[in-house]
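This is protein05.cif (mmCIF, C-alpha atoms).
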```
data_protein
#
loop_
_atom_site.label_atom_id
_atom_site.label_comp_id
_atom_site.auth_asym_id
_atom_site.auth_seq_id
_atom_site.Cartn_x
_atom_site.Cartn_y
_atom_site.Cartn_z
CA MET A 1 94.78 114.92 112.15
CA THR A 2 94.59 114.09 108.45
CA ASP A 3 93.01 116.09 105.64
CA ARG A 4 90.08 114.62 103.72
CA PHE A 5 91.24 116.40 100.55
CA SER A 6 94.33 114.19 100.53
CA TRP A 7 92.42 110.90 100.66
CA LYS A 8 92.39 108.76 97.55
CA LYS A 9 89.15 107.99 95.72
CA GLY A 10 88.23 104.49 94.62
CA MET A 11 85.61 101.99 93.51
CA ALA A 12 85.01 98.35 94.43
CA TYR A 13 84.62 95.94 91.51
CA GLY A 14 83.42 92.35 91.44
CA VAL A 15 85.73 91.51 88.55
CA ILE A 16 88.54 93.45 86.87
CA ASP A 17 89.24 91.54 83.68
CA SER A 18 90.56 94.19 81.31
CA GLU A 19 92.80 97.24 81.30
CA LYS A 20 89.81 99.24 80.07
CA VAL A 21 88.29 99.13 83.54
CA LEU A 22 91.31 100.87 85.03
CA GLU A 23 91.56 103.27 82.07
CA GLU A 24 87.98 104.40 82.80
CA CYS A 25 88.89 104.79 86.45
CA ALA A 26 91.85 106.99 85.59
CA GLU A 27 89.79 109.09 83.17
CA GLY A 28 87.17 109.57 85.91
CA GLY A 29 89.72 110.83 88.41
CA MET A 30 89.98 107.65 90.45
CA ASP A 31 93.12 106.76 92.39
CA ALA A 32 92.50 103.20 93.59
CA VAL A 33 90.34 100.11 93.20
CA GLU A 34 89.25 97.09 95.19
CA PHE A 35 88.46 93.81 93.45
CA HIS A 36 87.04 90.39 94.20
CA HIS A 37 88.16 88.41 91.15
CA PHE A 38 90.61 88.71 88.26
CA GLY A 39 88.45 87.24 85.53
CA GLU A 40 90.50 85.04 83.24
CA LYS A 41 93.60 87.23 83.20
CA ARG A 42 95.93 88.32 85.98
CA ASP A 43 97.61 91.34 84.45
CA LEU A 44 96.35 93.73 87.11
CA ALA A 45 99.83 94.81 88.16
CA THR A 46 100.69 95.81 84.58
CA TRP A 47 97.36 97.56 84.07
CA SER A 48 97.85 99.42 87.34
CA LYS A 49 101.29 100.61 86.25
CA ASN A 50 100.02 101.67 82.82
CA THR A 51 97.06 103.66 84.16
CA GLY A 52 98.38 104.91 87.50
CA VAL A 53 95.39 103.43 89.35
CA GLU A 54 96.46 101.63 92.53
CA ILE A 55 95.32 98.09 93.24
CA TRP A 56 94.48 98.95 96.83
CA SER A 57 92.67 95.87 98.12
CA ARG A 58 91.10 92.52 97.41
CA HIS A 59 87.79 91.61 99.03
CA LEU A 60 87.95 87.89 99.72
CA ILE A 61 84.94 85.82 98.77
CA PHE A 62 82.28 85.07 101.37
CA GLY A 63 79.08 83.07 101.73
CA HIS A 64 79.96 79.38 101.77
CA GLU A 65 83.38 80.52 102.99
CA ASN A 66 83.06 81.38 106.67
CA ILE A 67 85.82 81.64 109.30
CA ALA A 68 83.22 81.51 112.09
CA HIS A 69 81.33 78.48 110.81
CA ARG A 70 79.75 76.07 113.30
CA THR A 71 82.12 73.33 112.17
CA GLN A 72 85.87 73.67 112.60
CA GLU A 73 86.36 71.68 109.41
CA ARG A 74 84.67 74.41 107.36
CA VAL A 75 86.70 77.09 109.14
CA ASP A 76 89.95 75.25 108.37
CA GLU A 77 88.98 74.87 104.71
CA THR A 78 88.26 78.58 104.47
CA VAL A 79 91.58 79.52 106.08
CA VAL A 80 93.43 77.40 103.50
CA LEU A 81 91.51 79.05 100.66
CA TYR A 82 92.01 82.55 102.05
CA LYS A 83 95.76 82.01 102.33
CA GLN A 84 95.82 81.20 98.62
CA LEU A 85 93.74 84.28 97.77
CA ILE A 86 96.05 86.46 99.86
CA GLU A 87 99.05 85.19 97.88
CA GLU A 88 97.23 85.92 94.61
CA ALA A 89 96.43 89.44 95.84
CA ALA A 90 100.11 90.03 96.56
CA GLU A 91 101.06 88.82 93.08
CA VAL A 92 99.06 91.65 91.46
CA GLY A 93 100.29 94.33 93.84
CA ALA A 94 97.43 94.64 96.32
CA LYS A 95 98.47 95.77 99.79
CA ASN A 96 95.28 94.91 101.68
CA VAL A 97 92.66 92.18 101.86
CA VAL A 98 89.19 92.62 103.31
CA ILE A 99 87.63 89.67 105.13
CA HIS A 100 84.18 89.12 106.62
CA PRO A 101 84.51 87.87 110.22
CA SER A 102 81.44 85.64 109.89
CA GLY A 103 78.34 84.67 108.03
CA GLU A 104 74.98 84.54 109.81
CA PRO A 105 72.85 83.88 111.77
CA ASN A 106 74.87 83.86 114.97
CA GLU A 107 72.47 83.21 117.83
CA ASP A 108 73.37 84.46 121.31
CA GLU A 109 74.02 80.96 122.61
CA VAL A 110 76.74 80.28 120.01
CA ARG A 111 78.06 83.80 119.50
CA GLU A 112 81.01 83.51 121.88
CA GLU A 113 82.15 80.23 120.35
CA ARG A 114 82.06 81.73 116.87
CA ILE A 115 83.89 84.86 117.96
CA LEU A 116 86.71 82.69 119.27
CA ARG A 117 86.85 80.68 116.03
CA SER A 118 86.93 83.81 113.93
CA ILE A 119 89.64 85.45 116.02
CA ASP A 120 91.76 82.30 115.82
CA ALA A 121 91.35 82.21 112.04
CA PHE A 122 92.30 85.88 111.74
CA SER A 123 95.45 85.28 113.75
CA LYS A 124 96.54 82.62 111.23
CA LEU A 125 95.66 84.79 108.24
CA VAL A 126 97.42 87.89 109.56
CA GLU A 127 100.57 85.88 110.21
CA HIS A 128 100.45 84.39 106.72
CA ALA A 129 99.78 87.76 105.07
CA LYS A 130 102.79 89.38 106.72
CA GLN A 131 105.06 87.29 104.52
CA PHE A 132 103.64 89.04 101.46
CA GLY A 133 103.37 92.58 102.77
CA ILE A 134 99.59 92.32 102.98
CA THR A 135 97.46 93.95 105.68
CA VAL A 136 94.38 91.97 106.71
CA CYS A 137 91.27 94.09 107.33
CA CYS A 138 88.25 92.78 109.21
CA GLU A 139 85.01 94.33 107.97
CA ASN A 140 82.30 95.49 110.38
CA LEU A 141 79.04 93.74 109.51
CA PRO A 142 75.30 94.20 110.25
CA ARG A 143 72.49 92.26 111.96
CA THR A 144 73.66 89.09 113.80
CA CYS A 145 77.06 88.99 112.07
CA LEU A 146 80.20 89.26 114.14
CA CYS A 147 81.81 92.70 114.48
CA ARG A 148 78.43 94.41 114.36
CA ASP A 149 79.52 97.13 116.80
CA SER A 150 82.63 98.81 118.16
CA ASP A 151 82.82 96.49 121.17
CA GLU A 152 83.25 93.40 119.01
CA CYS A 153 85.52 95.17 116.52
CA LEU A 154 87.78 96.24 119.35
CA ARG A 155 87.87 92.72 120.71
CA PHE A 156 89.07 91.41 117.36
CA VAL A 157 91.78 93.99 116.67
CA GLU A 158 93.03 93.92 120.26
CA SER A 159 93.24 90.12 120.17
CA VAL A 160 95.17 89.87 116.88
CA ALA A 161 98.27 92.05 116.55
CA GLY A 162 98.38 93.65 113.11
CA LEU A 163 94.70 93.13 112.29
CA LYS A 164 93.02 96.29 110.95
CA LEU A 165 89.45 97.26 110.10
CA CYS A 166 87.51 97.93 106.93
CA PHE A 167 84.85 100.47 107.91
CA ASP A 168 81.64 99.84 105.95
CA THR A 169 79.55 102.96 106.41
CA ASN A 170 76.20 101.27 105.75
CA HIS A 171 76.59 98.33 108.14
CA LEU A 172 76.17 100.11 111.49
CA LEU A 173 72.81 99.23 113.03
CA LYS A 174 73.63 99.35 116.74
CA GLU A 175 75.44 102.67 117.29
CA PRO A 176 76.00 106.07 115.66
CA HIS A 177 78.83 106.54 113.20
CA LYS A 178 80.46 109.14 115.42
CA ASP A 179 80.65 106.79 118.39
CA PHE A 180 81.95 103.92 116.27
CA ILE A 181 84.74 105.95 114.66
CA GLN A 182 85.77 107.53 117.95
CA ARG A 183 86.24 104.09 119.48
CA VAL A 184 87.89 102.18 116.63
CA GLY A 185 89.17 104.93 114.33
CA LYS A 186 92.86 104.27 114.85
CA TYR A 187 92.39 100.73 113.50
CA ILE A 188 90.57 101.72 110.30
CA GLN A 189 92.77 100.87 107.32
CA THR A 190 90.23 101.14 104.53
CA THR A 191 86.57 101.89 103.84
CA HIS A 192 83.48 100.76 101.98
CA VAL A 193 81.42 103.87 101.26
CA SER A 194 77.67 103.75 100.65
CA ASP A 195 74.47 105.07 102.21
CA TYR A 196 71.35 103.64 103.87
CA HIS A 197 68.36 104.48 106.08
CA PHE A 198 69.62 102.85 109.32
CA ILE A 199 67.19 99.89 109.06
CA ASP A 200 69.39 97.44 107.16
CA GLU A 201 72.26 97.64 104.71
CA GLU A 202 71.26 99.09 101.34
CA HIS A 203 74.51 100.15 99.63
CA LEU A 204 72.91 103.29 98.23
CA TRP A 205 74.85 106.06 96.56
CA PRO A 206 76.05 108.62 99.15
CA PHE A 207 73.43 111.33 99.82
CA ASP A 208 70.63 108.93 98.76
CA GLY A 209 70.28 107.78 102.39
CA LEU A 210 70.53 109.31 105.86
CA ILE A 211 74.23 109.19 106.75
CA ASP A 212 75.60 112.46 108.12
CA TRP A 213 78.67 112.60 105.88
CA LYS A 214 79.97 115.78 107.49
CA THR A 215 80.30 113.99 110.82
CA VAL A 216 81.75 110.82 109.27
CA LEU A 217 84.53 112.68 107.48
CA GLN A 218 85.29 114.92 110.45
CA GLU A 219 85.64 111.90 112.77
CA LEU A 220 87.82 110.05 110.26
CA GLU A 221 90.10 113.09 110.08
CA LYS A 222 90.33 113.25 113.86
CA ALA A 223 91.21 109.53 113.89
CA ASP A 224 94.09 110.24 111.47
CA TYR A 225 92.54 108.08 108.77
CA ASN A 226 94.77 108.09 105.70
CA GLY A 227 93.31 105.45 103.40
CA PRO A 228 91.00 105.83 100.41
CA LEU A 229 87.25 106.30 100.15
CA ILE A 230 86.29 103.11 98.32
CA PHE A 231 82.74 103.31 96.95
CA GLU A 232 80.91 99.98 97.32
CA THR A 233 77.42 100.75 96.09
CA GLY A 234 75.04 97.96 95.13
CA TYR A 235 72.76 100.07 92.98
CA PRO A 236 74.79 102.81 91.28
CA GLY A 237 72.50 102.81 88.22
CA ASN A 238 74.25 104.81 85.52
CA LYS A 239 76.86 106.24 87.90
CA THR A 240 80.40 106.46 86.58
CA CYS A 241 83.87 106.88 88.03
CA ALA A 242 83.51 110.59 87.33
CA ASP A 243 80.43 110.54 89.58
CA VAL A 244 82.55 109.08 92.37
CA THR A 245 84.96 111.99 92.02
CA LYS A 246 82.12 114.53 92.03
CA THR A 247 80.50 112.91 95.07
CA VAL A 248 83.76 112.83 97.02
CA GLU A 249 84.26 116.50 96.20
CA ARG A 250 80.76 117.22 97.51
CA MET A 251 81.46 115.24 100.68
CA CYS A 252 84.75 117.05 101.23
CA ARG A 253 83.06 120.46 101.03
CA LEU A 254 80.88 119.65 104.05
CA TYR A 255 82.11 121.60 107.08
#
```

Rewritten as C-alpha cells:
Amino acid sequence: MTDRFSWKKGMAYGVIDSEKVLEECAEGGMDAVEFHHFGEKRDLATWSKNTGVEIWSRHLIFGHENIAHRTQERVDETVVLYKQLIEEAAEVGAKNVVIHPSGEPNEDEVREERILRSIDAFSKLVEHAKQFGITVCCENLPRTCLCRDSDECLRFVESVAGLKLCFDTNHLLKEPHKDFIQRVGKYIQTTHVSDYHFIDEEHLWPFDGLIDWKTVLQELEKADYNGPLIFETGYPGNKTCADVTKTVERMCRLY
C-alpha cells in the first residue's frame, strides 16, 4: 500500500514553450508536468534539469487522429503519427505517453469492430515505445468512447502486454470511482485529476464538483498507485501551481 503524501504533484499543459513555465511550476511546489506540444522550441529536457520539474508524460493529440476510426487507413495514419510523437517525447525525457483509445460516437453495432482496431493499434504502439523506454497509457473516456468502464479498460490492458492506464477522474459515467479503481487499480500508471457532477465531463477544479476525494485517494493507495496527481482542469480561472499544491494537501488530509 502506497502513501498519498509521497505522490508527486503536477499540471497538464497544452504547450510548454519556455523555461518560465517550469520555473513557475517549481516555485509553486510542483514536481511534474504533462504536455501536448513543445511550441517552437524543444529544450524541455534542459528546462527540466534546470528547474527540477520532471517531464512526466506527453498527451498525444486526438480528434482527427483516431486509432479506432471506421476506416483502417485512418487508423494506420494515426499509428504512424503517434510513433513519431512517441519518439519526440523520448527525446525530451518523458517516460509516459497518454493516448485516447477512440473518438466518438461508437454505436453498439460497430463497437466491437472498433475495440479490436484500437487494441491492435495499441499493441503496435506499445511495442514501438519499448525501444525508447516509454510507457503507453490508455485513458478511460466518457459517453460512447471506448474504455468507458472497467470492463473495457481491463480488456485493453489484458490484451496488450505492457499497456497501462491513465485514470481520468472526471470521465466515469457508468460506475463509481471505488469500483473502477478496485478493478483496474494495478494498471493505473498516471492520472488526470479534475472534478464534475457525474452527468458529463466538466474538468472542474477538485472540490468544485461531487467526487468523493477521500475514497479516490484511499482506493489508489490500496492499489499501490505510485504515480503523480496530474491536474487537468479545463476551467482553472486564476488558479496557479501553488493552488495545485494547496489542493493536493487538502485532498491528502482527508481520512

Draw an axis-aligned box tight on the listed atoms of segment 214-219 of chain A, then pad every side by 3 Å and write out centre and edge lengths in Å to one decimal as AutoDock Vina command-line options.
```
--center_x 82.8 --center_y 113.3 --center_z 110.1 --size_x 11.7 --size_y 11.0 --size_z 11.3
```

Exercise for review: May I ask which of the residues A:Asn66, A:Asn140, A:Gln84, A:Ser48 is the closest one to Phe180 of chain A, counting all atoms listed in the file?
Suggested key: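 Nearest to Phe180 of chain A: A:Asn140.
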
Practice item. Considering all atoms listed in the file, return as a PyMOL selection string whatever protein or nucleic-acid residues lie within 10 Å of Thr144 of chain A, sequence-local ones (same chain, fewer than 3 positions apart) excluded. Key: chain A and resi 102-108+111+141+147-148

Review point. Between A:Glu54, A:Asp195, A:Glu113, A:Glu127, which has the minimum distance to Ile86 of chain A (counting only C-alpha atoms)?
Key: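 For Ile86 of chain A, the nearest of the given residues is A:Glu127.
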
Practice item. Could you list the residues chosen by the PyMOL selection byres ((chain A and resi 165-175) around 7) in this structure as a PyMOL selection string? Key: chain A and resi 98+137-142+148-149+164+176-177+179-180+187-196+198-199+201-203

Practice item. Quick one: everything within 9 Å of segment 17-30 of chain A, counting all atoms listed in the file, minus sequence neighbours fewer than 5 positions away in the same chain. Send it as number ranges by chain. Key: A: 8-11, 37-44, 46-48, 50-53, 240-245

Exercise for review: Could you pull out every residue with an atom within 10 Å of (96.7, 95.4, 97.0), file coordinates, counting all atoms listed in the file, and send them as a VMD selection string?
Suggested key: chain A and resid 32 to 35 45 54 to 59 86 88 to 97 133 to 135

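Shortest separation to Trp213 of chain A among A:Arg74, A:Arg114, A:Arg4, A:Ile67 occurs at residue A:Arg4, atoms counted being only C-alpha atoms.
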
Check your understanding: By how many Å are atom CA of His128 of chain A and atom CA of Gly185 of chain A apart?
Key ->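 Computed distance, atom CA of His128 of chain A to atom CA of Gly185 of chain A, equals 24.6 Å.
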
Check your understanding: Rounded to one decimal in Å, what is the spacing between atom CA of Cys145 of chain A and atom CA of Thr233 of chain A?
Key ->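 Separation of atom CA of Cys145 of chain A and atom CA of Thr233 of chain A: 19.8 Å.
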